[in-house]
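Asks: One structure, as structure tokens, below. Some questions next.
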Amino acid sequence: MNTLLNNRKPLVQFGATPLLTTPAPKQLTPDSPAISVLTDFTQVMPQSIAGDTPIDDAHLKMRHGGIRLLFVMDKQAHCVGVLTAKEVIGTRRINLAMQQRNLERSEVTAAMIMTPWEKLSAMPLEQLASLTIEDLVLSMESFTEQHLLITERKPNQELSVRGIISATDIQAVMGSRIPAKLPTTVVPMARSFADICQVITGHDL
């Protein structure tokens with residue numbers, strides 16, 4: 001008989017309320033590698049939906065997952081675009097889809113209001129790897145989107161989306177380090193890379 005079974009000890013009973021162990025927050029500065037703020041899809045599963053998903057279902061998935069962007073997939077599992085919270089919360093694209101197709105709101109799908117692949121901008125992984133966080137943000141001065149896609153092309157393989165960087169993620173990990181030139185300013189939530197750039201260069205949002 002297994003001696004470990006004979007010598008087993010009873011489980012511990014809590015005598016007081018315990019602390020909960022959590023990951024240590026990243027300690028980053030503007031000089032940290034930009035790749036430090038990448039949500040890497042080799043480590044984190046990208047969140048996606050089918051193109052025919054009703055927009056209210058897409059919004060619900062965002063809320064439950066605590067995310068603001070979903071990749072929209074076709075029936076061949078190819079990514080055909082992205083859907084952001086701005087699009088499902090806003091009315092412009094939804095109303096346009098309803099008018100053009102004579103639909104009720106409940107009939108509007110993700111594919112009808114998404115930003116299609118050909119209109120998206122991205123940065124190659126090798127370019128990102130050469131930048132600091134400050135370099136990245138300053139290079140995105142006119143980029144008014146909240147998310148930046150990072151692509152990778154391996155030898156003899158198709159182009160793929162390796163990961164994503166969010167302006168709000170940069171703001172979260174940098175904390176008070178970003179507005180160093182504005183020590184008395186309370187910085188609102190960044191809506192885009194351009195917003196973060198304004199803080200780094202010493203301008204109010």
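Identifiers in the structure tokens: chain A, B, ... in order shown; residue index from 1 per chain; ligand index from 1 in order shown.
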Can you pull out the residues contacting Gly81 of chain A? Cut-off 12 Å, using only C-alpha atoms, and skip same-chain residues under 3 positions away; I want them as a ChimeraX atom specification.
Replies: /A:48-51,69-74,77-78,84,110-121,149,161
Asks: Run DSSP on the backbone of this structure and report the residues of segment 33-125 of chain A it assigns to strand (DSSP E or B), as a PyMOL selection string.
Replies: chain A and resi 33+39-40+48-50+54+69-73+79-84+109+115-116+122-124
Asks: As an exercise, work out the distance from atom CA of Pro18 of chain A to atom CA of Val44 of chain A in Å and give it to one decimal place.
Replies: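 We find that atom CA of Pro18 of chain A and atom CA of Val44 of chain A lie 29.0 Å from each other.
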Asks: Name the residues in contact with Asp56 of chain A at a cut-off of 10 Å, using only C-alpha atoms, excluding same-chain residues fewer than 2 positions from it; report them as a list of chain:residue names.
Replies: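 Contacts, in chain order: A:Thr53, A:Pro54, A:Ala58, A:His59, A:Leu60, A:Lys61, A:Met62, A:Val88, A:Ile89, A:Arg105, A:Ser106, A:Glu107, A:Val108, A:Thr109, A:Ala110.
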Asks: Mind dumping the selected residues with N, CA and C atoms as a PDB file, in the first residue's frame?
Replies:
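The resulting file, selection20.pdb, is reproduced below:
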ATOM      1  N   THR A  53     -23.479  37.168 -35.812  1.00  0.00           N
ATOM      2  CA  THR A  53     -23.908  37.361 -34.426  1.00  0.00           C
ATOM      3  C   THR A  53     -24.668  38.675 -34.296  1.00  0.00           C
ATOM      4  N   PRO A  54     -25.866  38.687 -33.701  1.00  0.00           N
ATOM      5  CA  PRO A  54     -26.578  39.948 -33.466  1.00  0.00           C
ATOM      6  C   PRO A  54     -25.739  40.888 -32.605  1.00  0.00           C
ATOM      7  N   ALA A  58     -23.209  40.467 -29.250  1.00  0.00           N
ATOM      8  CA  ALA A  58     -21.792  40.845 -29.264  1.00  0.00           C
ATOM      9  C   ALA A  58     -21.480  41.781 -28.100  1.00  0.00           C
ATOM     10  N   HIS A  59     -22.369  42.726 -27.857  1.00  0.00           N
ATOM     11  CA  HIS A  59     -22.173  43.669 -26.752  1.00  0.00           C
ATOM     12  C   HIS A  59     -22.175  42.933 -25.420  1.00  0.00           C
ATOM     13  N   LEU A  60     -23.074  41.957 -25.272  1.00  0.00           N
ATOM     14  CA  LEU A  60     -23.141  41.176 -24.044  1.00  0.00           C
ATOM     15  C   LEU A  60     -21.842  40.408 -23.816  1.00  0.00           C
ATOM     16  N   LYS A  61     -21.281  39.848 -24.878  1.00  0.00           N
ATOM     17  CA  LYS A  61     -20.016  39.120 -24.756  1.00  0.00           C
ATOM     18  C   LYS A  61     -18.894  40.054 -24.322  1.00  0.00           C
ATOM     19  N   MET A  62     -18.881  41.271 -24.855  1.00  0.00           N
ATOM     20  CA  MET A  62     -17.879  42.245 -24.431  1.00  0.00           C
ATOM     21  C   MET A  62     -18.008  42.554 -22.949  1.00  0.00           C
ATOM     22  N   VAL A  88     -20.782  49.122 -31.158  1.00  0.00           N
ATOM     23  CA  VAL A  88     -22.021  48.505 -30.686  1.00  0.00           C
ATOM     24  C   VAL A  88     -22.791  49.411 -29.731  1.00  0.00           C
ATOM     25  N   ILE A  89     -22.088  50.338 -29.083  1.00  0.00           N
ATOM     26  CA  ILE A  89     -22.761  51.286 -28.193  1.00  0.00           C
ATOM     27  C   ILE A  89     -23.292  52.481 -28.979  1.00  0.00           C
ATOM     28  N   ARG A 105     -33.463  46.656 -35.421  1.00  0.00           N
ATOM     29  CA  ARG A 105     -32.187  46.641 -34.701  1.00  0.00           C
ATOM     30  C   ARG A 105     -31.761  45.218 -34.349  1.00  0.00           C
ATOM     31  N   SER A 106     -32.720  44.388 -33.949  1.00  0.00           N
ATOM     32  CA  SER A 106     -32.407  43.018 -33.532  1.00  0.00           C
ATOM     33  C   SER A 106     -31.845  42.179 -34.671  1.00  0.00           C
ATOM     34  N   GLU A 107     -32.010  42.652 -35.911  1.00  0.00           N
ATOM     35  CA  GLU A 107     -31.531  41.901 -37.070  1.00  0.00           C
ATOM     36  C   GLU A 107     -30.139  42.345 -37.529  1.00  0.00           C
ATOM     37  N   VAL A 108     -29.642  43.427 -36.962  1.00  0.00           N
ATOM     38  CA  VAL A 108     -28.319  43.932 -37.339  1.00  0.00           C
ATOM     39  C   VAL A 108     -27.252  43.012 -36.740  1.00  0.00           C
ATOM     40  N   THR A 109     -26.275  42.621 -37.557  1.00  0.00           N
ATOM     41  CA  THR A 109     -25.236  41.686 -37.115  1.00  0.00           C
ATOM     42  C   THR A 109     -23.869  42.369 -37.028  1.00  0.00           C
ATOM     43  N   ALA A 110     -22.948  41.661 -36.422  1.00  0.00           N
ATOM     44  CA  ALA A 110     -21.586  42.180 -36.258  1.00  0.00           C
ATOM     45  C   ALA A 110     -20.952  42.527 -37.598  1.00  0.00           C
TER      46      ALA A 110
END
Asks: Excluding Glu126 of chain A and its own-chain neighbours fewer than 3 positions away, which residues fall within 12 Å of it when counting only C-alpha atoms? Please give them as a list of chain:residue names.
Replies: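 Once the nearby chain positions are removed, what remains is A:Ala34, A:Ile35, A:Ala122, A:Met123, A:Ala129, A:Ser130, A:Leu131, A:Ile150, A:Thr151, A:Glu152, A:Arg153, A:Lys154, A:Arg162.
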Asks: When distances are computed from only C-alpha atoms, which of A:Ala85, A:Leu159, A:Ala16, A:Leu28 shows the smallest separation from Ala172 of chain A?
Replies: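 Of all the options, A:Leu28 lies closest to Ala172 of chain A.
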Asks: What is the atom CA of Glu141 of chain A to atom CA of Val80 of chain A distance in Å?
Replies: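 Atom-to-atom, atom CA of Glu141 of chain A and atom CA of Val80 of chain A are spaced 26.6 Å apart.
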